[in-house]
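Below is entry14.cif, holding mmCIF, C-alpha atoms.
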data_protein
#
loop_
_atom_site.group_PDB
_atom_site.id
_atom_site.type_symbol
_atom_site.label_atom_id
_atom_site.label_comp_id
_atom_site.auth_asym_id
_atom_site.auth_seq_id
_atom_site.Cartn_x
_atom_site.Cartn_y
_atom_site.Cartn_z
ATOM 1 C CA ALA A 1486 21.174 -6.433 36.885
ATOM 2 C CA ASP A 1487 19.185 -8.941 34.845
ATOM 3 C CA ILE A 1488 15.476 -9.141 35.587
ATOM 4 C CA GLY A 1489 14.638 -11.258 38.616
ATOM 5 C CA MET A 1490 17.882 -10.255 40.337
ATOM 6 C CA ALA A 1491 18.953 -7.404 42.641
ATOM 7 C CA SER A 1492 15.780 -7.634 44.741
ATOM 8 C CA TYR A 1493 13.620 -7.534 41.595
ATOM 9 C CA GLY A 1494 14.620 -3.974 40.860
ATOM 10 C CA ARG A 1495 13.078 -1.708 38.250
ATOM 11 C CA ILE A 1496 14.498 -1.971 34.725
ATOM 12 C CA ASP A 1497 13.256 0.185 31.846
ATOM 13 C CA LEU A 1498 13.719 0.010 28.093
ATOM 14 C CA HIS A 1499 14.677 3.333 26.517
ATOM 15 C CA ALA A 1500 15.349 4.305 22.914
ATOM 16 C CA ARG A 1501 16.935 7.065 20.882
ATOM 17 C CA ILE A 1502 16.190 7.805 17.232
ATOM 18 C CA SER A 1503 18.619 9.127 14.638
ATOM 19 C CA LYS A 1504 17.398 10.517 11.311
ATOM 20 C CA ASP A 1505 20.859 11.095 9.817
ATOM 21 C CA ASN A 1506 22.339 7.589 9.926
ATOM 22 C CA GLY A 1507 23.677 7.885 13.456
ATOM 23 C CA ALA A 1508 25.479 11.224 13.274
ATOM 24 C CA ASN A 1509 23.039 12.800 15.732
ATOM 25 C CA TRP A 1510 20.548 11.308 18.164
ATOM 26 C CA ALA A 1511 17.361 12.678 19.681
ATOM 27 C CA ALA A 1512 16.784 12.595 23.429
ATOM 28 C CA LYS A 1513 16.074 9.212 24.944
ATOM 29 C CA PHE A 1514 12.499 8.203 25.658
ATOM 30 C CA PRO A 1515 10.934 5.115 27.269
ATOM 31 C CA ILE A 1516 9.550 2.232 25.278
ATOM 32 C CA VAL A 1517 8.370 0.824 28.589
ATOM 33 C CA GLU A 1518 9.129 1.560 32.243
ATOM 34 C CA GLY A 1519 9.379 -1.126 34.877
ATOM 35 C CA LYS A 1520 7.812 -0.631 38.280
ATOM 36 C CA GLY A 1521 10.226 -2.702 40.338
ATOM 37 C CA SER A 1522 9.257 -4.838 43.306
ATOM 38 C CA SER A 1523 6.271 -2.550 44.014
ATOM 39 C CA SER A 1524 4.616 -3.487 40.725
ATOM 40 C CA PRO A 1525 1.055 -4.751 41.226
ATOM 41 C CA ASP A 1526 1.543 -7.244 38.395
ATOM 42 C CA PHE A 1527 4.276 -9.715 37.445
ATOM 43 C CA MET A 1528 4.745 -8.338 33.951
ATOM 44 C CA HIS A 1529 5.841 -4.797 34.815
ATOM 45 C CA VAL A 1530 8.527 -5.475 37.432
ATOM 46 C CA GLY A 1531 11.309 -5.081 34.866
ATOM 47 C CA PHE A 1532 12.208 -5.520 31.211
ATOM 48 C CA GLY A 1533 15.558 -6.619 29.814
ATOM 49 C CA ASP A 1534 17.571 -7.998 26.890
ATOM 50 C CA PRO A 1535 15.621 -6.160 24.165
ATOM 51 C CA CYS A 1536 15.749 -7.351 20.544
ATOM 52 C CA ILE A 1537 14.697 -5.034 17.722
ATOM 53 C CA VAL A 1538 13.840 -5.150 14.037
ATOM 54 C CA ALA A 1539 12.414 -2.579 11.620
ATOM 55 C CA ASP A 1540 10.378 -3.875 8.700
ATOM 56 C CA ARG A 1541 12.111 -3.184 5.393
ATOM 57 C CA GLU A 1542 8.867 -2.208 3.616
ATOM 58 C CA SER A 1543 6.856 -0.262 6.201
ATOM 59 C CA ASP A 1544 7.111 1.890 9.329
ATOM 60 C CA ARG A 1545 6.485 -1.094 11.624
ATOM 61 C CA VAL A 1546 9.104 -1.860 14.294
ATOM 62 C CA LEU A 1547 9.094 -4.847 16.642
ATOM 63 C CA VAL A 1548 10.808 -5.296 19.994
ATOM 64 C CA LEU A 1549 10.898 -8.509 22.020
ATOM 65 C CA SER A 1550 12.288 -8.543 25.555
ATOM 66 C CA CYS A 1551 12.278 -10.636 28.678
ATOM 67 C CA ALA A 1552 10.057 -9.319 31.465
ATOM 68 C CA GLY A 1553 8.897 -10.078 34.969
ATOM 69 C CA ASN A 1554 10.487 -10.884 38.323
ATOM 70 C CA VAL A 1555 11.920 -14.385 37.806
ATOM 71 C CA SER A 1556 15.540 -14.808 36.779
ATOM 72 C CA PHE A 1557 16.497 -17.078 33.918
ATOM 73 C CA GLN A 1558 18.313 -19.428 36.292
ATOM 74 C CA ASN A 1559 15.344 -19.748 38.653
ATOM 75 C CA GLY A 1560 12.584 -20.280 36.114
ATOM 76 C CA THR A 1561 10.191 -23.232 36.024
ATOM 77 C CA ARG A 1562 7.602 -24.218 33.436
ATOM 78 C CA ASN A 1563 4.863 -22.601 35.496
ATOM 79 C CA ASN A 1564 6.839 -19.676 36.923
ATOM 80 C CA HIS A 1565 9.213 -18.154 34.406
ATOM 81 C CA GLN A 1566 10.149 -14.950 32.657
ATOM 82 C CA ASN A 1567 7.662 -13.375 30.284
ATOM 83 C CA ILE A 1568 8.534 -12.782 26.647
ATOM 84 C CA ALA A 1569 7.209 -9.274 26.049
ATOM 85 C CA ARG A 1570 6.280 -8.005 22.596
ATOM 86 C CA PHE A 1571 6.033 -4.316 21.635
ATOM 87 C CA TYR A 1572 5.038 -2.778 18.299
ATOM 88 C CA SER A 1573 5.570 0.655 16.812
ATOM 89 C CA GLU A 1574 3.611 1.698 13.721
ATOM 90 C CA ASP A 1575 5.476 4.991 13.215
ATOM 91 C CA GLY A 1576 9.128 4.060 12.921
ATOM 92 C CA GLY A 1577 9.775 3.761 16.650
ATOM 93 C CA THR A 1578 8.307 7.068 17.859
ATOM 94 C CA SER A 1579 5.446 5.540 19.871
ATOM 95 C CA TRP A 1580 4.985 2.020 21.214
ATOM 96 C CA SER A 1581 2.215 -0.371 22.181
ATOM 97 C CA GLU A 1582 1.782 -1.741 25.681
ATOM 98 C CA PRO A 1583 3.731 -4.967 26.369
ATOM 99 C CA GLU A 1584 2.038 -8.233 25.497
ATOM 100 C CA ASP A 1585 3.235 -11.570 26.882
ATOM 101 C CA ILE A 1586 3.744 -14.222 24.173
ATOM 102 C CA ALA A 1587 5.737 -16.709 26.256
ATOM 103 C CA GLU A 1588 3.139 -19.478 26.385
ATOM 104 C CA SER A 1589 2.873 -19.745 22.601
ATOM 105 C CA ILE A 1590 6.616 -20.456 22.458
ATOM 106 C CA TYR A 1591 7.090 -22.529 25.639
ATOM 107 C CA SER A 1592 4.292 -24.866 24.614
ATOM 108 C CA GLN A 1593 6.173 -25.897 21.449
ATOM 109 C CA PHE A 1594 8.688 -27.703 23.689
ATOM 110 C CA ASP A 1595 6.246 -29.441 26.035
ATOM 111 C CA ALA A 1596 6.199 -32.702 24.045
ATOM 112 C CA SER A 1597 9.989 -32.931 23.790
ATOM 113 C CA SER A 1598 12.039 -35.497 25.679
ATOM 114 C CA PHE A 1599 13.846 -32.717 27.540
ATOM 115 C CA GLY A 1600 10.730 -30.656 28.266
ATOM 116 C CA PRO A 1601 8.824 -28.981 29.556
ATOM 117 C CA VAL A 1602 11.618 -26.408 29.575
ATOM 118 C CA ARG A 1603 12.309 -24.397 32.693
ATOM 119 C CA SER A 1604 13.101 -21.052 31.116
ATOM 120 C CA MET A 1605 14.072 -19.289 27.906
ATOM 121 C CA PHE A 1606 14.567 -15.868 26.407
ATOM 122 C CA VAL A 1607 15.273 -14.352 23.022
ATOM 123 C CA ALA A 1608 18.932 -13.301 22.916
ATOM 124 C CA SER A 1609 19.382 -9.543 23.058
ATOM 125 C CA GLY A 1610 20.278 -7.352 20.100
ATOM 126 C CA ARG A 1611 18.981 -7.487 16.554
ATOM 127 C CA ILE A 1612 16.134 -9.624 15.270
ATOM 128 C CA MET A 1613 17.077 -10.592 11.713
ATOM 129 C CA GLN A 1614 14.738 -9.992 8.776
ATOM 130 C CA SER A 1615 15.294 -11.947 5.581
ATOM 131 C CA ARG A 1616 16.333 -10.136 2.426
ATOM 132 C CA ILE A 1617 15.066 -13.049 0.302
ATOM 133 C CA THR A 1618 12.242 -15.041 1.867
ATOM 134 C CA LYS A 1619 8.788 -13.483 1.835
ATOM 135 C CA VAL A 1620 5.706 -15.546 2.639
ATOM 136 C CA GLY A 1621 2.597 -13.404 2.801
ATOM 137 C CA GLU A 1622 2.797 -9.722 3.673
ATOM 138 C CA TYR A 1623 6.217 -9.597 5.327
ATOM 139 C CA TYR A 1624 9.744 -10.796 4.782
ATOM 140 C CA ARG A 1625 10.515 -13.584 7.231
ATOM 141 C CA LEU A 1626 11.880 -12.749 10.702
ATOM 142 C CA TYR A 1627 14.365 -14.872 12.632
ATOM 143 C CA CYS A 1628 15.388 -14.794 16.274
ATOM 144 C CA ALA A 1629 17.358 -17.258 18.398
ATOM 145 C CA VAL A 1630 16.482 -18.415 21.918
ATOM 146 C CA LEU A 1631 18.507 -19.645 24.863
ATOM 147 C CA VAL A 1632 16.590 -22.543 26.431
ATOM 148 C CA ARG A 1633 17.162 -24.110 29.831
ATOM 149 C CA ASP A 1634 15.680 -27.597 29.687
ATOM 150 C CA LYS A 1635 14.197 -29.688 32.511
ATOM 151 C CA TYR A 1636 17.723 -30.923 33.339
ATOM 152 C CA ALA A 1637 18.963 -27.284 33.553
ATOM 153 C CA LYS A 1638 21.116 -27.744 30.438
ATOM 154 C CA HIS A 1639 21.547 -24.802 28.064
ATOM 155 C CA MET A 1640 20.656 -25.213 24.392
ATOM 156 C CA ASN A 1641 19.684 -23.023 21.443
ATOM 157 C CA TYR A 1642 16.889 -22.959 18.891
ATOM 158 C CA VAL A 1643 15.943 -20.582 16.088
ATOM 159 C CA LEU A 1644 12.412 -19.247 15.684
ATOM 160 C CA TYR A 1645 10.902 -17.730 12.559
ATOM 161 C CA SER A 1646 7.848 -15.581 11.891
ATOM 162 C CA ASP A 1647 6.097 -14.811 8.606
ATOM 163 C CA ASP A 1648 3.651 -12.299 10.123
ATOM 164 C CA PHE A 1649 6.158 -9.838 11.619
ATOM 165 C CA GLY A 1650 6.260 -11.393 15.057
ATOM 166 C CA LYS A 1651 2.596 -12.181 15.630
ATOM 167 C CA THR A 1652 3.340 -15.913 15.688
ATOM 168 C CA TRP A 1653 6.641 -17.765 16.013
ATOM 169 C CA ASN A 1654 7.599 -21.324 15.078
ATOM 170 C CA LEU A 1655 10.675 -23.487 15.474
ATOM 171 C CA LEU A 1656 12.960 -23.525 12.443
ATOM 172 C CA GLY A 1657 13.917 -26.983 11.271
ATOM 173 C CA GLU A 1658 12.895 -30.578 11.820
ATOM 174 C CA LEU A 1659 13.756 -31.448 15.398
ATOM 175 C CA GLY A 1660 13.524 -35.223 15.047
ATOM 176 C CA ASN A 1661 11.270 -37.719 16.767
ATOM 177 C CA ASP A 1662 12.315 -36.775 20.277
ATOM 178 C CA PHE A 1663 13.192 -33.078 19.764
ATOM 179 C CA ASN A 1664 16.734 -33.704 21.017
ATOM 180 C CA ASP A 1665 18.723 -32.328 18.098
ATOM 181 C CA SER A 1666 19.234 -28.708 19.114
ATOM 182 C CA PRO A 1667 21.225 -26.644 16.574
ATOM 183 C CA ALA A 1668 23.620 -25.780 19.438
ATOM 184 C CA PRO A 1669 23.163 -28.240 22.342
ATOM 185 C CA TYR A 1670 25.414 -26.348 24.802
ATOM 186 C CA GLY A 1671 25.073 -22.851 23.385
ATOM 187 C CA ASN A 1672 24.418 -19.785 25.473
ATOM 188 C CA GLU A 1673 23.047 -16.501 24.087
ATOM 189 C CA PRO A 1674 22.636 -16.885 20.302
ATOM 190 C CA LYS A 1675 22.073 -14.659 17.256
ATOM 191 C CA CYS A 1676 21.409 -15.446 13.626
ATOM 192 C CA GLU A 1677 22.089 -13.995 10.200
ATOM 193 C CA GLU A 1678 21.073 -14.778 6.632
ATOM 194 C CA LEU A 1679 23.642 -15.985 4.100
ATOM 195 C CA PRO A 1680 23.467 -14.970 0.417
ATOM 196 C CA ASP A 1681 21.481 -18.061 -0.639
ATOM 197 C CA GLY A 1682 18.867 -17.578 2.102
ATOM 198 C CA SER A 1683 20.306 -20.140 4.513
ATOM 199 C CA VAL A 1684 20.550 -19.125 8.166
ATOM 200 C CA LEU A 1685 23.724 -18.908 10.254
ATOM 201 C CA LEU A 1686 23.338 -19.518 13.997
ATOM 202 C CA SER A 1687 26.132 -17.962 16.068
ATOM 203 C CA SER A 1688 26.112 -18.748 19.785
ATOM 204 C CA ARG A 1689 28.052 -17.578 22.817
ATOM 205 C CA LYS A 1690 30.872 -19.780 24.152
ATOM 206 C CA GLY A 1691 34.329 -19.331 25.607
ATOM 207 C CA TYR A 1692 37.309 -18.947 23.220
ATOM 208 C CA GLY A 1693 35.094 -18.794 20.114
ATOM 209 C CA ARG A 1694 31.539 -19.215 18.873
ATOM 210 C CA TYR A 1695 29.263 -22.145 18.164
ATOM 211 C CA PHE A 1696 28.312 -22.072 14.467
ATOM 212 C CA ASN A 1697 25.573 -23.993 12.710
ATOM 213 C CA VAL A 1698 23.816 -23.397 9.375
ATOM 214 C CA PHE A 1699 20.229 -24.164 8.371
ATOM 215 C CA HIS A 1700 19.827 -25.015 4.670
ATOM 216 C CA TYR A 1701 16.403 -24.762 3.070
ATOM 217 C CA THR A 1702 14.847 -27.455 0.932
ATOM 218 C CA ASN A 1703 11.556 -25.504 0.761
ATOM 219 C CA PHE A 1704 11.535 -21.811 1.644
ATOM 220 C CA GLU A 1705 7.763 -21.351 1.671
ATOM 221 C CA LYS A 1706 7.172 -24.262 4.065
ATOM 222 C CA ALA A 1707 10.322 -23.463 6.099
ATOM 223 C CA GLU A 1708 11.629 -26.991 5.532
ATOM 224 C CA GLY A 1709 15.307 -27.887 5.586
ATOM 225 C CA TYR A 1710 18.103 -29.201 7.766
ATOM 226 C CA TRP A 1711 20.886 -28.082 10.117
ATOM 227 C CA ASP A 1712 24.460 -28.950 9.130
ATOM 228 C CA GLY A 1713 25.776 -29.725 12.612
ATOM 229 C CA VAL A 1714 27.313 -27.480 15.234
ATOM 230 C CA VAL A 1715 31.057 -26.674 15.366
ATOM 231 C CA SER A 1716 33.276 -24.632 17.689
ATOM 232 C CA THR A 1717 34.909 -21.929 15.584
ATOM 233 C CA ASP A 1718 38.082 -21.888 17.683
ATOM 234 C CA GLN A 1719 38.604 -25.609 17.038
ATOM 235 C CA VAL A 1720 38.031 -25.668 13.270
ATOM 236 C CA GLY A 1721 38.934 -22.103 12.240
ATOM 237 C CA ASN A 1722 40.480 -18.829 13.357
ATOM 238 C CA LEU A 1723 37.445 -17.094 14.881
ATOM 239 C CA LYS A 1724 38.982 -17.407 18.328
ATOM 240 C CA PHE A 1725 39.758 -15.136 21.276
ATOM 241 C CA GLY A 1726 39.944 -15.097 25.093
ATOM 242 C CA SER A 1727 38.137 -17.295 27.588
ATOM 243 C CA ASN A 1728 35.134 -15.013 28.081
ATOM 244 C CA ASP A 1729 31.791 -16.147 26.729
ATOM 245 C CA THR A 1730 29.642 -13.117 26.012
ATOM 246 C CA ASN A 1731 26.808 -12.086 23.731
ATOM 247 C CA GLY A 1732 27.985 -10.997 20.258
ATOM 248 C CA GLU A 1733 26.438 -10.558 16.843
ATOM 249 C CA PRO A 1734 26.837 -11.713 13.252
ATOM 250 C CA LEU A 1735 25.955 -9.278 10.458
ATOM 251 C CA ARG A 1736 26.212 -9.646 6.695
ATOM 252 C CA ILE A 1737 26.564 -6.698 4.356
ATOM 253 C CA GLY A 1738 26.784 -7.836 0.738
ATOM 254 C CA ASN A 1739 29.429 -10.548 0.563
ATOM 255 C CA VAL A 1740 31.135 -9.540 3.824
ATOM 256 C CA LEU A 1741 30.270 -11.326 7.065
ATOM 257 C CA PHE A 1742 30.980 -9.618 10.395
ATOM 258 C CA GLN A 1743 31.036 -10.940 13.972
ATOM 259 C CA SER A 1744 31.269 -8.648 16.989
ATOM 260 C CA VAL A 1745 32.433 -10.094 20.307
ATOM 261 C CA PRO A 1746 34.660 -9.245 23.311
ATOM 262 C CA THR A 1747 38.103 -10.768 22.861
ATOM 263 C CA GLY A 1748 39.714 -10.561 26.316
ATOM 264 C CA ASN A 1749 39.713 -13.184 29.019
ATOM 265 C CA ASN A 1750 36.937 -11.152 30.617
ATOM 266 C CA ARG A 1751 34.340 -8.733 29.328
ATOM 267 C CA SER A 1752 36.699 -6.403 27.534
ATOM 268 C CA GLY A 1753 38.140 -5.548 24.154
ATOM 269 C CA VAL A 1754 35.050 -5.737 21.937
ATOM 270 C CA SER A 1755 36.263 -6.410 18.412
ATOM 271 C CA ILE A 1756 34.717 -6.874 14.999
ATOM 272 C CA PHE A 1757 35.903 -9.863 12.998
ATOM 273 C CA TYR A 1758 35.193 -9.898 9.270
ATOM 274 C CA ARG A 1759 35.612 -12.186 6.269
ATOM 275 C CA THR A 1760 34.436 -12.291 2.665
ATOM 276 C CA LEU A 1761 31.956 -14.879 1.466
ATOM 277 C CA SER A 1762 32.258 -16.967 -1.663
ATOM 278 C CA ASP A 1763 29.451 -16.988 -4.226
ATOM 279 C CA ASP A 1764 29.417 -20.781 -3.910
ATOM 280 C CA PRO A 1765 26.704 -21.970 -1.454
ATOM 281 C CA ALA A 1766 28.695 -25.173 -0.961
ATOM 282 C CA THR A 1767 31.067 -23.106 1.191
ATOM 283 C CA TYR A 1768 28.261 -22.030 3.531
ATOM 284 C CA THR A 1769 29.020 -24.689 6.123
ATOM 285 C CA PRO A 1770 29.837 -24.124 9.809
ATOM 286 C CA THR A 1771 33.402 -25.347 9.340
ATOM 287 C CA GLU A 1772 34.153 -23.239 6.255
ATOM 288 C CA LEU A 1773 32.538 -20.160 7.797
ATOM 289 C CA SER A 1774 34.834 -20.529 10.825
ATOM 290 C CA LYS A 1775 37.872 -19.789 8.662
ATOM 291 C CA GLY A 1776 39.417 -16.724 7.077
ATOM 292 C CA TRP A 1777 38.587 -14.074 9.685
ATOM 293 C CA THR A 1778 40.409 -10.762 10.266
ATOM 294 C CA LYS A 1779 40.090 -8.950 13.597
ATOM 295 C CA VAL A 1780 39.678 -5.220 14.246
ATOM 296 C CA GLN A 1781 39.523 -4.216 17.919
ATOM 297 C CA VAL A 1782 37.087 -1.340 18.460
ATOM 298 C CA SER A 1783 37.143 -0.941 22.257
ATOM 299 C CA GLU A 1784 40.112 -0.598 24.617
ATOM 300 C CA ARG A 1785 37.992 -0.680 27.757
ATOM 301 C CA GLY A 1786 35.739 -3.030 29.627
ATOM 302 C CA SER A 1787 33.009 -3.920 27.121
ATOM 303 C CA ALA A 1788 30.533 -6.722 26.668
ATOM 304 C CA TYR A 1789 27.291 -7.125 24.706
ATOM 305 C CA SER A 1790 27.210 -5.658 21.210
ATOM 306 C CA SER A 1791 24.863 -5.265 18.275
ATOM 307 C CA MET A 1792 25.373 -3.883 14.763
ATOM 308 C CA CYS A 1793 23.333 -2.555 11.871
ATOM 309 C CA ILE A 1794 24.304 -1.122 8.507
#
File written out as structure tokens:
Amino acid sequence: ADIGMASYGRIDLHARISKDNGANWAAKFPIVEGKGSSSPDFMHVGFGDPCIVADRESDRVLVLSCAGNVSFQNGTRNNHQNIARFYSEDGGTSWSEPEDIAESIYSQFDASSFGPVRSMFVASGRIMQSRITKVGEYYRLYCAVLVRDKYAKHMNYVLYSDDFGKTWNLLGELGNDFNDSPAPYGNEPKCEELPDGSVLLSSRKGYGRYFNVFHYTNFEKAEGYWDGVVSTDQVGNLKFGSNDTNGEPLRIGNVLFQSVPTGNNRSGVSIFYRTLSDDPATYTPTELSKGWTKVQVSERGSAYSSMCI
């Protein structure tokens, strides 16, 4: 179960490494092992919803995960899930001990009209690294968070890091009262970079996805604006059954992919795809909701998914 549920049971994070592009995989090994309800400290009860990224220019790998013994639904500002950070300096073979970075992120919402927030976590799967934007030593990282505000409403935000996950900041101007979330009712979100460097937010909802796009006015200062959220099933043909489950966008060249279950429950994971125009004017949430083709890849019960090239 998720952390903080099932009597605070033990949950580990394990990995496998392939050195031939996925044809063969080495034996699994632990990144970190939870200790369950017998853990002497809050942090090591369990770890879940891992998100991973490998730096494109070095052997550094970063994993973020939720951790602890408090469920997302039961969190409060002073008693919530941890956000654990792990580093590997050798391509994922060995890993650092978990470090909690939750406070540095939670505190960014304390002055908002809907804060302090009760709970949040980084949505599981792939952390996205820019192919274009490099400020300092590393290409920029992006991850998306599911936030539960003081009214228990779900909303999404995107975080970025220019130091490979050491520090994280909110992407975009949030307004005078911090109310303009990129996806005000979104559930678990992911993000992907479009060819001009803008950022697509894709968030979990029933029958489709919430889409929003962040357009830069200054890449180095991370300044820009969000277009405005749309429901893909209402303005385009990225639509499916009533389930709302974690999925993932991925761009390879000028082809954009979206994986997601397509049944009325957690079943039938499919990959939707569409080509992208060279015209950045078409990189809007409404236009990106159109022109999708579906390929079903699972005939069984299936849920969360992640992709890499």
Of A:Tyr1695, A:Tyr1701, A:Tyr1627, A:Phe1571, the one nearest to Leu1773 of chain A when counting all atoms listed in the file is A:Tyr1695
The PyMOL selection byres ((chain A and resi 1774) around 7) applied to the shown file, residues as an MDAnalysis selection string:
chainID A and resid 1717 1720:1723 1770:1773 1775
Selection: 8 Å around Pro1667 of chain A, only C-alpha atoms, excl. self and same-chain fewer than 6 positions, as an mmCIF file with C-alpha atoms, in the frame of the given file:
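The resulting file, part36.cif, is reproduced below:
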data_model
loop_
_atom_site.group_PDB
_atom_site.id
_atom_site.type_symbol
_atom_site.label_atom_id
_atom_site.label_comp_id
_atom_site.auth_asym_id
_atom_site.auth_seq_id
_atom_site.Cartn_x
_atom_site.Cartn_y
_atom_site.Cartn_z
ATOM 1 C CA MET A 1640 20.656 -25.213 24.392
ATOM 2 C CA ASN A 1641 19.684 -23.023 21.443
ATOM 3 C CA TYR A 1642 16.889 -22.959 18.891
ATOM 4 C CA LEU A 1686 23.338 -19.518 13.997
ATOM 5 C CA ASN A 1697 25.573 -23.993 12.710
ATOM 6 C CA TRP A 1711 20.886 -28.082 10.117
ATOM 7 C CA GLY A 1713 25.776 -29.725 12.612
ATOM 8 C CA VAL A 1714 27.313 -27.480 15.234
#
### Task
Name the residues in contact with segment 1745-1761 of chain A at a cut-off of 8 Å, using all atoms listed in the file, excluding same-chain residues fewer than 3 positions from it; report them as a PyMOL selection string.
chain A and resi 1723+1725-1728+1730-1733+1739-1742+1776-1790
Report as an mmCIF file with C-alpha atoms, in the coordinates of the input the full result of the PyMOL selection byres ((chain A and resi 1684) around 12) when it is applied to this structure.
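result.cif, freshly written:
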data_model
loop_
_atom_site.group_PDB
_atom_site.id
_atom_site.type_symbol
_atom_site.label_atom_id
_atom_site.label_comp_id
_atom_site.auth_asym_id
_atom_site.auth_seq_id
_atom_site.Cartn_x
_atom_site.Cartn_y
_atom_site.Cartn_z
ATOM 1 C CA MET A 1613 17.077 -10.592 11.713
ATOM 2 C CA GLN A 1614 14.738 -9.992 8.776
ATOM 3 C CA SER A 1615 15.294 -11.947 5.581
ATOM 4 C CA ARG A 1616 16.333 -10.136 2.426
ATOM 5 C CA ILE A 1617 15.066 -13.049 0.302
ATOM 6 C CA THR A 1618 12.242 -15.041 1.867
ATOM 7 C CA ARG A 1625 10.515 -13.584 7.231
ATOM 8 C CA LEU A 1626 11.880 -12.749 10.702
ATOM 9 C CA TYR A 1627 14.365 -14.872 12.632
ATOM 10 C CA CYS A 1628 15.388 -14.794 16.274
ATOM 11 C CA ALA A 1629 17.358 -17.258 18.398
ATOM 12 C CA TYR A 1642 16.889 -22.959 18.891
ATOM 13 C CA VAL A 1643 15.943 -20.582 16.088
ATOM 14 C CA LEU A 1644 12.412 -19.247 15.684
ATOM 15 C CA TYR A 1645 10.902 -17.730 12.559
ATOM 16 C CA LEU A 1656 12.960 -23.525 12.443
ATOM 17 C CA GLY A 1657 13.917 -26.983 11.271
ATOM 18 C CA PRO A 1667 21.225 -26.644 16.574
ATOM 19 C CA LYS A 1675 22.073 -14.659 17.256
ATOM 20 C CA CYS A 1676 21.409 -15.446 13.626
ATOM 21 C CA GLU A 1677 22.089 -13.995 10.200
ATOM 22 C CA GLU A 1678 21.073 -14.778 6.632
ATOM 23 C CA LEU A 1679 23.642 -15.985 4.100
ATOM 24 C CA PRO A 1680 23.467 -14.970 0.417
ATOM 25 C CA ASP A 1681 21.481 -18.061 -0.639
ATOM 26 C CA GLY A 1682 18.867 -17.578 2.102
ATOM 27 C CA SER A 1683 20.306 -20.140 4.513
ATOM 28 C CA LEU A 1685 23.724 -18.908 10.254
ATOM 29 C CA LEU A 1686 23.338 -19.518 13.997
ATOM 30 C CA SER A 1687 26.132 -17.962 16.068
ATOM 31 C CA PHE A 1696 28.312 -22.072 14.467
ATOM 32 C CA ASN A 1697 25.573 -23.993 12.710
ATOM 33 C CA VAL A 1698 23.816 -23.397 9.375
ATOM 34 C CA PHE A 1699 20.229 -24.164 8.371
ATOM 35 C CA HIS A 1700 19.827 -25.015 4.670
ATOM 36 C CA TYR A 1701 16.403 -24.762 3.070
ATOM 37 C CA PHE A 1704 11.535 -21.811 1.644
ATOM 38 C CA ALA A 1707 10.322 -23.463 6.099
ATOM 39 C CA GLY A 1709 15.307 -27.887 5.586
ATOM 40 C CA TYR A 1710 18.103 -29.201 7.766
ATOM 41 C CA TRP A 1711 20.886 -28.082 10.117
ATOM 42 C CA ASP A 1712 24.460 -28.950 9.130
ATOM 43 C CA PRO A 1734 26.837 -11.713 13.252
ATOM 44 C CA LEU A 1735 25.955 -9.278 10.458
ATOM 45 C CA ARG A 1736 26.212 -9.646 6.695
ATOM 46 C CA PRO A 1765 26.704 -21.970 -1.454
ATOM 47 C CA TYR A 1768 28.261 -22.030 3.531
ATOM 48 C CA THR A 1769 29.020 -24.689 6.123
ATOM 49 C CA PRO A 1770 29.837 -24.124 9.809
#
Q. Distance atom CA of Val1555 of chain A-atom CA of Arg1633 of chain A, one decimal place?
A.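 These atoms are spaced 13.6 Å apart.
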The residue from A:Asp1763, A:Glu1705, A:Asp1634, A:Glu1622 with the smallest atom-to-atom distance to Arg1541 of chain A, counting all atoms listed in the file, is A:Glu1622
List the neighbours of segment 1493-1505 of chain A out to 7 Å using only C-alpha atoms; skip same-chain residues closer than 4 positions along the sequence, and give me the result as a PyMOL selection string. chain A and resi 1488-1489+1509-1522+1530-1533+1554
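Using all atoms listed in the file, the shortest contact distance between Tyr1624 of chain A and any of A:Asp1729, A:Asp1487, A:Asp1585, A:Asp1540 is found at A:Asp1540.
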Coordinates-based distance that separates atom CA of Pro1669 of chain A from atom CA of Ala1766 of chain A (Å, one decimal)
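So the two atoms, atom CA of Ala1766 of chain A and atom CA of Pro1669 of chain A, lie 24.1 Å apart.
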| message | Rounded to one decimal, what separation in Å do you get between atom CA of Gln1743 of chain A and atom CA of Lys1690 of chain A? | response |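 Between these atoms lies a distance of 13.5 Å.
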Review point. Using the chain letters and numbers from the file, which residues does the PyMOL selection byres ((chain A and resi 1544) around 7) grab, as a PyMOL selection string?
Key: chain A and resi 1540+1543+1545-1546+1574-1576
